[in-house]
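Coordinates as given in model_21.cif (mmCIF, C-alpha atoms):
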```
data_upload
loop_
_atom_site.label_atom_id
_atom_site.label_comp_id
_atom_site.auth_asym_id
_atom_site.auth_seq_id
_atom_site.Cartn_x
_atom_site.Cartn_y
_atom_site.Cartn_z
CA MET A 1 -168.73 -136.58 40.29
CA THR A 2 -171.58 -138.68 41.67
CA GLU A 3 -174.87 -137.38 43.00
CA PHE A 4 -175.28 -137.26 46.80
CA THR A 5 -178.22 -139.60 47.56
CA PRO A 6 -178.91 -139.45 51.32
CA LEU A 7 -182.42 -140.93 51.25
CA ALA A 8 -181.79 -143.77 48.78
CA SER A 9 -178.54 -144.60 50.58
CA LEU A 10 -180.25 -144.63 53.98
CA ILE A 11 -183.02 -146.92 52.67
CA GLY A 12 -180.53 -149.20 50.89
CA GLY A 13 -178.46 -149.36 54.07
CA MET A 14 -181.53 -150.34 56.08
CA MET A 15 -182.22 -153.16 53.58
CA ILE A 16 -178.65 -154.40 54.13
CA GLY A 17 -179.21 -154.22 57.89
CA LEU A 18 -182.51 -156.10 57.61
CA SER A 19 -180.78 -158.87 55.63
CA ALA A 20 -178.11 -159.13 58.36
CA VAL A 21 -180.77 -159.33 61.09
CA LEU A 22 -182.77 -161.99 59.20
CA LEU A 23 -179.66 -164.11 58.66
CA MET A 24 -178.93 -163.97 62.41
CA LEU A 25 -182.57 -164.85 63.18
CA TRP A 26 -182.67 -167.71 60.68
CA GLU A 27 -179.40 -169.54 61.28
CA GLY A 28 -177.43 -167.43 63.72
CA ARG A 29 -174.73 -166.26 61.36
CA ILE A 30 -172.98 -162.94 60.76
CA ALA A 31 -173.70 -161.41 57.35
CA GLY A 32 -170.05 -160.90 56.47
CA ILE A 33 -169.53 -161.18 52.74
CA SER A 34 -165.80 -161.94 52.97
CA GLY A 35 -166.57 -164.74 55.44
CA ILE A 36 -169.36 -166.09 53.24
CA ALA A 37 -167.53 -165.83 49.89
CA GLY A 38 -164.19 -166.90 51.39
CA ARG A 39 -165.69 -170.22 52.47
CA LEU A 40 -167.11 -171.13 49.07
CA LEU A 41 -163.81 -172.85 48.25
CA PRO A 42 -162.53 -175.87 50.21
CA PRO A 43 -161.71 -176.94 52.87
CA TYR A 44 -165.28 -177.19 54.20
CA ARG A 45 -165.46 -177.33 57.97
CA ASP A 46 -169.21 -177.04 58.61
CA GLY A 47 -172.42 -177.94 56.86
CA ALA A 48 -173.24 -174.39 55.79
CA PHE A 49 -171.96 -174.52 52.21
CA PHE A 50 -175.39 -174.39 50.58
CA SER A 51 -176.46 -171.51 52.82
CA ARG A 52 -173.42 -169.51 51.74
CA PHE A 53 -173.84 -170.51 48.12
CA GLY A 54 -177.48 -169.39 48.19
CA PHE A 55 -176.58 -166.03 49.73
CA VAL A 56 -173.95 -165.37 47.05
CA ILE A 57 -176.33 -166.37 44.25
CA GLY A 58 -178.85 -163.90 45.71
CA LEU A 59 -176.23 -161.12 45.78
CA VAL A 60 -175.27 -161.73 42.15
CA ALA A 61 -178.89 -162.04 41.02
CA ALA A 62 -180.15 -158.90 42.81
CA PRO A 63 -179.24 -156.25 40.20
CA LEU A 64 -180.29 -158.57 37.36
CA ALA A 65 -183.70 -159.08 38.99
CA MET A 66 -184.04 -155.33 39.48
CA ILE A 67 -183.16 -154.65 35.84
CA ALA A 68 -185.71 -157.28 34.78
CA LEU A 69 -188.28 -155.40 36.87
CA GLY A 70 -187.45 -152.18 35.01
CA ALA A 71 -184.93 -150.54 37.37
CA GLU A 72 -181.95 -148.67 36.03
CA VAL A 73 -178.63 -149.89 37.42
CA SER A 74 -175.63 -147.82 36.48
CA GLN A 75 -172.02 -148.20 37.51
CA THR A 76 -168.57 -147.03 36.50
CA VAL A 77 -165.90 -149.70 36.94
CA SER A 78 -162.25 -149.07 36.13
CA SER A 79 -161.14 -151.01 33.05
CA ASN A 80 -157.47 -150.85 34.11
CA ILE A 81 -156.91 -154.61 34.29
CA PRO A 82 -153.61 -154.74 36.25
CA LEU A 83 -155.08 -152.26 38.77
CA MET A 84 -158.27 -154.32 39.22
CA ILE A 85 -156.28 -157.56 39.64
CA ALA A 86 -154.10 -155.93 42.30
CA ALA A 87 -157.20 -154.46 43.98
CA GLY A 88 -158.93 -157.85 43.96
CA LEU A 89 -155.97 -159.68 45.47
CA LEU A 90 -155.59 -157.05 48.23
CA VAL A 91 -159.32 -156.96 49.01
CA GLY A 92 -159.62 -160.75 49.05
CA PHE A 93 -156.50 -161.41 51.09
CA GLY A 94 -156.91 -158.51 53.51
CA SER A 95 -160.59 -159.08 54.26
CA VAL A 96 -160.12 -162.76 55.10
CA TRP A 97 -156.81 -162.19 56.93
CA GLY A 98 -158.54 -159.58 59.11
CA ASN A 99 -161.67 -161.73 59.57
CA GLY A 100 -164.05 -159.28 57.94
CA CYS A 101 -164.77 -156.45 55.55
CA THR A 102 -167.26 -153.56 55.33
CA SER A 103 -170.15 -155.90 56.14
CA GLY A 104 -168.72 -158.28 58.76
CA HIS A 105 -166.71 -155.68 60.68
CA GLY A 106 -168.36 -152.49 59.41
CA VAL A 107 -172.06 -153.33 59.70
CA CYS A 108 -172.37 -156.43 61.91
CA GLY A 109 -169.33 -155.84 64.13
CA LEU A 110 -170.07 -152.19 64.89
CA SER A 111 -173.68 -153.18 65.65
CA ARG A 112 -172.39 -155.70 68.20
CA LEU A 113 -170.08 -152.99 69.63
CA SER A 114 -167.11 -155.29 68.99
CA THR A 115 -163.75 -153.70 69.89
CA ARG A 116 -161.99 -155.66 67.14
CA SER A 117 -164.50 -154.43 64.56
CA PHE A 118 -164.11 -150.79 65.64
CA VAL A 119 -160.33 -151.14 65.19
CA ALA A 120 -160.69 -152.99 61.86
CA THR A 121 -163.19 -150.46 60.48
CA GLY A 122 -161.01 -147.53 61.54
CA VAL A 123 -157.96 -149.09 59.91
CA PHE A 124 -159.55 -149.97 56.54
CA MET A 125 -161.26 -146.58 56.33
CA ALA A 126 -157.92 -144.89 57.03
CA THR A 127 -155.89 -146.84 54.46
CA ALA A 128 -158.68 -146.46 51.86
CA PHE A 129 -158.81 -142.66 52.38
CA VAL A 130 -155.01 -142.45 52.09
CA THR A 131 -154.96 -144.67 48.99
CA VAL A 132 -157.57 -142.57 47.17
CA PHE A 133 -155.79 -139.37 48.22
CA LEU A 134 -152.48 -140.67 46.84
CA VAL A 135 -154.01 -141.98 43.61
CA ARG A 136 -156.12 -138.92 42.84
CA HIS A 137 -154.17 -136.02 44.30
CA VAL A 138 -150.53 -137.04 44.51
CA ILE A 139 -150.03 -139.36 41.54
CA GLY A 140 -152.86 -137.49 39.83
CA ALA A 141 -154.59 -140.33 38.01
CA MET B 1 -184.49 -175.00 52.29
CA SER B 2 -181.59 -173.02 53.79
CA PHE B 3 -180.33 -172.50 50.25
CA LEU B 4 -183.57 -170.76 49.21
CA VAL B 5 -183.90 -168.74 52.42
CA ASN B 6 -180.32 -167.56 52.09
CA LEU B 7 -180.90 -166.77 48.43
CA ALA B 8 -183.73 -164.45 49.53
CA PHE B 9 -181.46 -162.80 52.14
CA GLY B 10 -178.74 -162.38 49.49
CA LEU B 11 -181.28 -160.79 47.14
CA LEU B 12 -182.31 -158.34 49.87
CA PHE B 13 -178.68 -157.54 50.69
CA GLY B 14 -177.79 -157.10 47.01
CA ALA B 15 -180.87 -154.96 46.33
CA GLY B 16 -179.83 -152.83 49.29
CA LEU B 17 -176.40 -152.35 47.74
CA VAL B 18 -177.96 -151.31 44.42
CA VAL B 19 -180.60 -148.99 45.97
CA SER B 20 -177.95 -147.36 48.18
CA GLY B 21 -175.68 -146.77 45.18
CA MET B 22 -172.86 -148.83 46.70
CA SER B 23 -172.80 -151.26 43.77
CA ASP B 24 -171.22 -148.37 41.84
CA PRO B 25 -167.47 -148.15 42.63
CA ALA B 26 -167.48 -144.51 41.49
CA LYS B 27 -169.75 -143.61 44.41
CA VAL B 28 -167.56 -145.46 46.89
CA LEU B 29 -164.36 -143.86 45.54
CA ASN B 30 -165.99 -140.42 45.76
CA PHE B 31 -166.84 -141.07 49.41
CA LEU B 32 -163.16 -141.85 49.96
CA ASP B 33 -162.10 -138.68 48.11
CA LEU B 34 -162.53 -136.20 50.95
CA PHE B 35 -160.45 -133.54 49.23
CA GLY B 36 -161.95 -133.95 45.76
CA THR B 37 -165.39 -134.92 44.47
CA TRP B 38 -166.66 -135.97 47.92
CA ASP B 39 -169.98 -137.84 48.04
CA PRO B 40 -171.04 -138.54 51.65
CA SER B 41 -173.68 -141.15 50.63
CA LEU B 42 -171.70 -144.12 52.02
CA ALA B 43 -171.98 -142.71 55.54
CA PHE B 44 -175.79 -142.85 55.19
CA VAL B 45 -175.60 -146.47 54.01
CA MET B 46 -173.49 -147.44 57.02
CA GLY B 47 -175.75 -145.41 59.30
CA GLY B 48 -178.94 -147.07 58.03
CA ALA B 49 -177.41 -150.54 58.12
CA VAL B 50 -175.97 -150.19 61.63
CA LEU B 51 -179.19 -148.64 62.96
CA VAL B 52 -181.30 -151.60 61.81
CA THR B 53 -178.69 -154.23 62.72
CA PHE B 54 -178.01 -152.76 66.17
CA ALA B 55 -181.73 -152.83 67.06
CA GLY B 56 -182.50 -156.07 65.20
CA TYR B 57 -179.63 -158.05 66.73
CA ARG B 58 -180.85 -157.13 70.21
CA LEU B 59 -184.31 -158.48 69.48
CA VAL B 60 -183.01 -161.61 67.75
CA LEU B 61 -180.27 -162.47 70.26
CA ALA B 62 -182.77 -162.13 73.11
CA ARG B 63 -184.53 -165.21 71.69
CA GLY B 64 -181.61 -167.36 72.83
CA GLU B 65 -181.32 -169.37 69.64
CA PRO B 66 -181.84 -169.01 65.89
CA ILE B 67 -184.72 -170.66 64.00
CA VAL B 68 -182.42 -173.21 62.37
CA GLY B 69 -179.58 -174.66 64.43
CA THR B 70 -179.00 -174.55 68.14
CA ARG B 71 -176.82 -171.50 68.71
CA PHE B 72 -175.72 -168.12 67.42
CA HIS B 73 -172.29 -168.22 65.74
CA LEU B 74 -170.86 -165.05 67.23
CA PRO B 75 -167.19 -164.08 67.33
CA THR B 76 -165.99 -164.16 70.93
CA ARG B 77 -162.54 -162.60 70.66
CA SER B 78 -161.92 -159.08 71.93
CA ASP B 79 -158.10 -158.91 71.80
CA ILE B 80 -156.38 -156.73 69.23
CA ASP B 81 -153.82 -158.89 67.43
CA ALA B 82 -151.63 -158.13 64.40
CA ARG B 83 -154.07 -159.74 61.98
CA VAL B 84 -157.03 -157.54 62.86
CA VAL B 85 -154.88 -154.50 62.01
CA ALA B 86 -152.82 -155.85 59.06
CA GLY B 87 -155.81 -157.48 57.30
CA PRO B 88 -157.98 -154.36 57.25
CA ALA B 89 -154.95 -152.21 56.30
CA ILE B 90 -154.37 -154.40 53.21
CA PHE B 91 -158.10 -154.59 52.46
CA GLY B 92 -158.43 -150.78 52.64
CA ILE B 93 -155.67 -150.26 50.08
CA GLY B 94 -157.39 -152.60 47.62
CA TRP B 95 -160.76 -150.97 48.35
CA GLY B 96 -159.28 -147.55 47.64
CA LEU B 97 -157.70 -148.75 44.38
CA GLY B 98 -160.75 -150.38 42.83
CA GLY B 99 -163.73 -149.00 44.76
CA PHE B 100 -164.96 -152.55 45.32
CA CYS B 101 -165.34 -154.41 48.60
CA PRO B 102 -166.53 -158.05 48.45
CA GLY B 103 -170.33 -157.48 48.55
CA PRO B 104 -170.60 -154.82 45.84
CA ALA B 105 -168.09 -156.68 43.67
CA LEU B 106 -170.27 -159.82 43.71
CA THR B 107 -173.34 -157.70 43.02
CA ALA B 108 -171.58 -156.23 39.98
CA LEU B 109 -170.59 -159.65 38.60
CA GLY B 110 -173.70 -160.17 36.47
CA LEU B 111 -173.36 -156.72 34.89
CA GLY B 112 -170.19 -158.07 33.30
CA ALA B 113 -167.83 -155.06 33.27
CA THR B 114 -164.27 -156.02 32.34
CA GLY B 115 -162.91 -154.54 35.57
CA THR B 116 -165.34 -156.66 37.61
CA LEU B 117 -164.55 -159.84 35.70
CA THR B 118 -160.85 -159.40 36.47
CA PHE B 119 -161.39 -158.23 40.08
CA ILE B 120 -163.55 -161.20 41.18
CA PRO B 121 -161.17 -164.09 40.35
CA ALA B 122 -158.30 -162.14 41.94
CA MET B 123 -160.42 -161.52 45.04
CA ILE B 124 -161.43 -165.18 45.36
CA LEU B 125 -157.78 -166.20 44.95
CA GLY B 126 -156.71 -163.70 47.63
CA MET B 127 -159.41 -164.98 50.00
CA TRP B 128 -158.38 -168.56 49.46
CA ALA B 129 -154.69 -167.76 50.00
CA ALA B 130 -155.47 -165.94 53.26
CA ARG B 131 -157.59 -168.85 54.52
CA LEU B 132 -155.00 -171.49 53.71
CA LEU B 133 -152.24 -169.37 55.23
CA ALA B 134 -154.31 -168.62 58.34
CA GLU B 135 -155.30 -172.23 58.85
CA GLY B 136 -151.71 -173.30 58.41
CA THR B 137 -150.41 -170.91 61.06
CA ALA B 138 -153.17 -170.82 63.66
CA ALA B 139 -156.30 -172.54 64.83
CA PRO B 140 -159.35 -171.71 62.65
CA ARG B 141 -161.48 -168.89 63.98
CA ALA B 142 -164.99 -167.74 63.29
CA ALA B 143 -165.24 -164.62 61.16
#
```
Render the structure in this file as C-alpha cells.
Amino acid sequence: MTEFTPLASLIGGMMIGLSAVLLMLWEGRIAGISGIAGRLLPPYRDGAFFSRFGFVIGLVAAPLAMIALGAEVSQTVSSNIPLMIAAGLLVGFGSVWGNGCTSGHGVCGLSRLSTRSFVATGVFMATAFVTVFLVRHVIGA
Amino acid sequence: MSFLVNLAFGLLFGAGLVVSGMSDPAKVLNFLDLFGTWDPSLAFVMGGAVLVTFAGYRLVLARGEPIVGTRFHLPTRSDIDARVVAGPAIFGIGWGLGGFCPGPALTALGLGATGTLTFIPAMILGMWAARLLAEGTAAPRAA
C-alpha cells in the first residue's frame, strides 16, 4: 500500500515537464532518459557527451541534495537480485530498441503529439499492467 | 558550461521524480496494480509533466532555434515499425517486474539499495546491446 499523493505528484510532474522544456530551450534536445543514459557509452556520434553526463549526474545527485537539505526520501526496492537483473536488462534493451521510455515517449513524445510515442506509451503501459497482474495476482508473489 | 546547465536540469528532473513519489518503485508498481493496491499518483505525474511540456514546447519551438546550437533535434519519423512496438513491449515487462524505468532508477542510485545496484548495470548493458544491435542493422536514428 502506498499513499495516494495527487498534489505532490502533480507538482513533481510539472517539475519534470519544466526540466524537459528548459532542455529544449537550451540545446534543443528531448529529455528522454533512455536516450541520454544510453549514449553515455561509446560509440559517440555527436559532441553532446558532457551535456548528457551532466544531466545524469544531476539526476543521481537530486535525492542526495534533497536529503542534505533535510527532506525525507523513502523507497522500497525489491532485493530479489535475479529479478532486478532481468528487469534491468529488459528495461535497458527495450527502451533503447523502441527509441524511448516513460520520459522520451511518455512525457516529451505525447506533448509533441507524436503518433509513434502514443503507440509506444500504450504498448509499454499495457505490458507493464499485464506483468504486474501476472506477478501479483496469478503467480501470487 | 553545457555540463553545468545540464546538471541543473538533471537536478530539477530528479527532484521532480522524488517530489512526485516516482523514485519509489513501490508507488509505480501500485499504479500498475489496477486490481490490487492501486495508487493513481503516476497519472497525476504524467498529467503535470505533459501539461507543462505541451505548453512549454510550443513557446520554445516558436523561437526557431535553441539558445545553444543551431537547430532543435526533434524526431521526424511518424511510421509505426516493429521496433516502436517490440521495444516498448519489452521495456514494459521489465518496468512491471522491477518498478523502475530509467529516470527513477538513476535517481535511486545514490540511495544504494541492493536492488538498484544490480538493476543499473543490467540496464546500462541492455541499453548498450540495443544500441550496438540497432546500429548494426539500420541507420542510426534520433531518439
Residue with smallest distance to Gly104 in chain A - pool B:Leu109, B:Pro88, B:Ser20, B:Leu12, counting only C-alpha atoms
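Closest residue, counting only C-alpha atoms: B:Pro88.
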Please indicate the distance in Å from CA of Leu32 in chain B to CA of Ala89 in chain B, rounded to one decimal place.
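CA of Leu32 in chain B sits 14.7 Å away from CA of Ala89 in chain B.
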Grab the CA of Pro75 in chain B to CA of Gly126 in chain B distance for me, in Å with one decimal place.
22.3 Å
Shortest interatomic distance to Ala48 in chain A - which of B:Phe91, B:Trp38, B:Phe100, B:Phe3, counting only C-alpha atoms
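That would be B:Phe3, the residue with the smallest distance to Ala48 in chain A.
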Among listed residues B:Met22, B:Met1, B:Val45, B:Leu133, nearest chain A (using only C-alpha atoms):
B:Val45
Write out as a Markdown table the residues of range 26-57 of chain A that have any atom within 12 Å of an atom of range 48-61 of chain B, one row each with the nearest atom pair and its distance in Å to one decimal, counting all atoms listed in the file, sorted by chain and then rising number.
```
| residue | atom | partner | partner_atom | distance |
| --- | --- | --- | --- | --- |
| A:Trp26 | CA | B:Val60 | CA | 9.3 |
| A:Glu27 | CA | B:Val60 | CA | 10.9 |
| A:Gly28 | CA | B:Leu61 | CA | 8.7 |
| A:Arg29 | CA | B:Tyr57 | CA | 11.0 |
| A:Ile30 | CA | B:Tyr57 | CA | 10.2 |
| A:Ala31 | CA | B:Thr53 | CA | 10.3 |
```
List as a tab-separated table every residue of range 20-126 of chain A that is in contact with range 78-81 of chain B, defined as an atom at most 12 Å from one of its atoms (using all atoms listed in the file), together with the nearest atom pair and the distance in Å rounded to one decimal, sorted by chain and then rising number.
```
residue	atom	partner	partner_atom	distance
A:Trp97	CA	B:Asp81	CA	11.4
A:Gly98	CA	B:Asp81	CA	9.6
A:Asn99	CA	B:Asp81	CA	11.5
A:Gly109	CA	B:Ser78	CA	11.2
A:Arg112	CA	B:Ser78	CA	11.6
A:Leu113	CA	B:Ser78	CA	10.4
A:Ser114	CA	B:Ser78	CA	7.1
A:Thr115	CA	B:Ser78	CA	6.0
A:Arg116	CA	B:Ser78	CA	5.9
A:Ser117	CA	B:Ser78	CA	9.1
A:Phe118	CA	B:Ile80	CA	10.4
A:Val119	CA	B:Ile80	CA	7.9
A:Ala120	CA	B:Ile80	CA	9.3
```
Using all atoms listed in the file, the shortest atom-to-atom distance to chain A among B:Gly64, B:Gly14, B:Gly99, B:Pro104 belongs to B:Gly14
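Checking A:Val132, A:Gly92, A:Thr2, A:Leu25 one by one against Gln75 in chain A, counting all atoms listed in the file, you find the shortest gap at A:Thr2.
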Taken to one decimal, the CA of Ala134 in chain B-CA of Val96 in chain A distance is 8.9 Å
Pull out every residue that the PyMOL selection byres ((chain A and resi 56-66) around 10) matches in the shown coordinates and put them as a PyMOL selection string.
(chain A and resi 33+36-37+40+50-55+67-74) or (chain B and resi 3-19+23+103-111)
Give me, as a PyMOL selection string, all polymer residues having an atom no more than 8 Å from Trp128 in chain B, counting all atoms listed in the file and skipping those fewer than 5 positions away in the same chain.
chain A and resi 38+41+92-93
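Among B:Gly112, B:Gly136, B:Gly36, B:Gly96, the residue with the shortest atom-to-atom distance to chain A, counting all atoms listed in the file, is B:Gly96.
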Can you report as JSON the centre and edge lengths in Å, to one decimal, of an axis-aligned box around the listed atoms of range 72-83 of chain A padded with 6 Å on each side?
```
{"center_x": -167.8, "center_y": -150.9, "center_z": 35.9, "size_x": 40.3, "size_y": 19.7, "size_z": 17.7}
```
Within 8 Å of Ala128 in chain A, counting all atoms listed in the file, which residues show up once you throw out same-chain ones fewer than 6 positions away? Write them as a ChimeraX atom specification, please.
/B:32,92-97
Applying the PyMOL selection byres ((chain A and resi 77) around 6) to the file I just gave you, which residues come out? Please list them as number ranges by chain.
A: 76, 78; B: 115
Spatial neighbours of Pro42 in chain A, max dist 10 Å, all atoms listed in the file, sep filter under 5 positions, as a count of residues only
4
May I have the protein, DNA and RNA residues with an atom at most 10 Å from (-184.2, -143.5, 50.4), counting all atoms listed in the file in the file's coordinates, returned as a PDB file with C-alpha atoms, in the frame of the given file?
```pdb
ATOM      1  CA  THR A   5    -178.220-139.600  47.560  1.00  0.00           C
ATOM      2  CA  PRO A   6    -178.910-139.450  51.320  1.00  0.00           C
ATOM      3  CA  LEU A   7    -182.420-140.930  51.250  1.00  0.00           C
ATOM      4  CA  ALA A   8    -181.790-143.770  48.780  1.00  0.00           C
ATOM      5  CA  SER A   9    -178.540-144.600  50.580  1.00  0.00           C
ATOM      6  CA  LEU A  10    -180.250-144.630  53.980  1.00  0.00           C
ATOM      7  CA  ILE A  11    -183.020-146.920  52.670  1.00  0.00           C
ATOM      8  CA  GLY A  12    -180.530-149.200  50.890  1.00  0.00           C
ATOM      9  CA  GLY A  13    -178.460-149.360  54.070  1.00  0.00           C
ATOM     10  CA  MET A  14    -181.530-150.340  56.080  1.00  0.00           C
TER      11      MET A  14
ATOM     12  CA  VAL B  19    -180.600-148.990  45.970  1.00  0.00           C
ATOM     13  CA  SER B  20    -177.950-147.360  48.180  1.00  0.00           C
ATOM     14  CA  PHE B  44    -175.790-142.850  55.190  1.00  0.00           C
ATOM     15  CA  VAL B  45    -175.600-146.470  54.010  1.00  0.00           C
ATOM     16  CA  GLY B  48    -178.940-147.070  58.030  1.00  0.00           C
TER      17      GLY B  48
END
```
Will you model N, CA, C and O atoms for range 75-91 of chain A and pass it back as a PDB file, keeping the file's coordinate frame?
```
ATOM      1  N   GLN A  75    -173.261-148.137  36.745  1.00  0.00           N
ATOM      2  CA  GLN A  75    -172.020-148.200  37.510  1.00  0.00           C
ATOM      3  C   GLN A  75    -170.848-147.846  36.613  1.00  0.00           C
ATOM      4  O   GLN A  75    -170.922-147.982  35.401  1.00  0.00           O
ATOM      5  N   THR A  76    -169.793-147.348  37.228  1.00  0.00           N
ATOM      6  CA  THR A  76    -168.570-147.030  36.500  1.00  0.00           C
ATOM      7  C   THR A  76    -167.451-147.837  37.141  1.00  0.00           C
ATOM      8  O   THR A  76    -167.065-147.581  38.273  1.00  0.00           O
ATOM      9  N   VAL A  77    -166.971-148.855  36.431  1.00  0.00           N
ATOM     10  CA  VAL A  77    -165.900-149.700  36.940  1.00  0.00           C
ATOM     11  C   VAL A  77    -164.641-149.415  36.140  1.00  0.00           C
ATOM     12  O   VAL A  77    -164.700-149.302  34.917  1.00  0.00           O
ATOM     13  N   SER A  78    -163.522-149.289  36.823  1.00  0.00           N
ATOM     14  CA  SER A  78    -162.250-149.070  36.130  1.00  0.00           C
ATOM     15  C   SER A  78    -161.973-150.231  35.172  1.00  0.00           C
ATOM     16  O   SER A  78    -162.229-151.379  35.503  1.00  0.00           O
ATOM     17  N   SER A  79    -161.480-149.924  33.986  1.00  0.00           N
ATOM     18  CA  SER A  79    -161.140-151.010  33.050  1.00  0.00           C
ATOM     19  C   SER A  79    -159.623-151.202  32.986  1.00  0.00           C
ATOM     20  O   SER A  79    -159.104-151.833  32.068  1.00  0.00           O
ATOM     21  N   ASN A  80    -158.918-150.643  33.980  1.00  0.00           N
ATOM     22  CA  ASN A  80    -157.470-150.850  34.110  1.00  0.00           C
ATOM     23  C   ASN A  80    -157.254-152.246  34.717  1.00  0.00           C
ATOM     24  O   ASN A  80    -157.397-152.452  35.919  1.00  0.00           O
ATOM     25  N   ILE A  81    -156.928-153.210  33.857  1.00  0.00           N
ATOM     26  CA  ILE A  81    -156.910-154.610  34.290  1.00  0.00           C
ATOM     27  C   ILE A  81    -155.847-154.914  35.359  1.00  0.00           C
ATOM     28  O   ILE A  81    -156.175-155.518  36.385  1.00  0.00           O
ATOM     29  N   PRO A  82    -154.590-154.479  35.178  1.00  0.00           N
ATOM     30  CA  PRO A  82    -153.610-154.740  36.250  1.00  0.00           C
ATOM     31  C   PRO A  82    -154.040-154.125  37.581  1.00  0.00           C
ATOM     32  O   PRO A  82    -153.884-154.750  38.648  1.00  0.00           O
ATOM     33  N   LEU A  83    -154.616-152.921  37.549  1.00  0.00           N
ATOM     34  CA  LEU A  83    -155.080-152.260  38.770  1.00  0.00           C
ATOM     35  C   LEU A  83    -156.187-153.079  39.440  1.00  0.00           C
ATOM     36  O   LEU A  83    -156.179-153.291  40.660  1.00  0.00           O
ATOM     37  N   MET A  84    -157.135-153.588  38.653  1.00  0.00           N
ATOM     38  CA  MET A  84    -158.270-154.320  39.220  1.00  0.00           C
ATOM     39  C   MET A  84    -157.825-155.693  39.743  1.00  0.00           C
ATOM     40  O   MET A  84    -158.387-156.206  40.711  1.00  0.00           O
ATOM     41  N   ILE A  85    -156.810-156.293  39.128  1.00  0.00           N
ATOM     42  CA  ILE A  85    -156.280-157.560  39.640  1.00  0.00           C
ATOM     43  C   ILE A  85    -155.589-157.323  40.988  1.00  0.00           C
ATOM     44  O   ILE A  85    -155.830-158.041  41.966  1.00  0.00           O
ATOM     45  N   ALA A  86    -154.777-156.264  41.046  1.00  0.00           N
ATOM     46  CA  ALA A  86    -154.100-155.930  42.300  1.00  0.00           C
ATOM     47  C   ALA A  86    -155.143-155.617  43.379  1.00  0.00           C
ATOM     48  O   ALA A  86    -155.050-156.110  44.513  1.00  0.00           O
ATOM     49  N   ALA A  87    -156.152-154.833  43.026  1.00  0.00           N
ATOM     50  CA  ALA A  87    -157.200-154.460  43.980  1.00  0.00           C
ATOM     51  C   ALA A  87    -157.913-155.708  44.491  1.00  0.00           C
ATOM     52  O   ALA A  87    -158.160-155.858  45.694  1.00  0.00           O
ATOM     53  N   GLY A  88    -158.233-156.623  43.586  1.00  0.00           N
ATOM     54  CA  GLY A  88    -158.930-157.850  43.960  1.00  0.00           C
ATOM     55  C   GLY A  88    -158.122-158.710  44.913  1.00  0.00           C
ATOM     56  O   GLY A  88    -158.635-159.222  45.908  1.00  0.00           O
ATOM     57  N   LEU A  89    -156.841-158.874  44.604  1.00  0.00           N
ATOM     58  CA  LEU A  89    -155.970-159.680  45.470  1.00  0.00           C
ATOM     59  C   LEU A  89    -155.892-159.061  46.870  1.00  0.00           C
ATOM     60  O   LEU A  89    -156.005-159.767  47.882  1.00  0.00           O
ATOM     61  N   LEU A  90    -155.713-157.736  46.935  1.00  0.00           N
ATOM     62  CA  LEU A  90    -155.590-157.050  48.230  1.00  0.00           C
ATOM     63  C   LEU A  90    -156.899-157.135  49.016  1.00  0.00           C
ATOM     64  O   LEU A  90    -156.894-157.415  50.221  1.00  0.00           O
ATOM     65  N   VAL A  91    -158.021-156.913  48.334  1.00  0.00           N
ATOM     66  CA  VAL A  91    -159.320-156.960  49.010  1.00  0.00           C
ATOM     67  C   VAL A  91    -159.605-158.379  49.517  1.00  0.00           C
ATOM     68  O   VAL A  91    -160.018-158.578  50.660  1.00  0.00           O
TER      69      VAL A  91
END
```
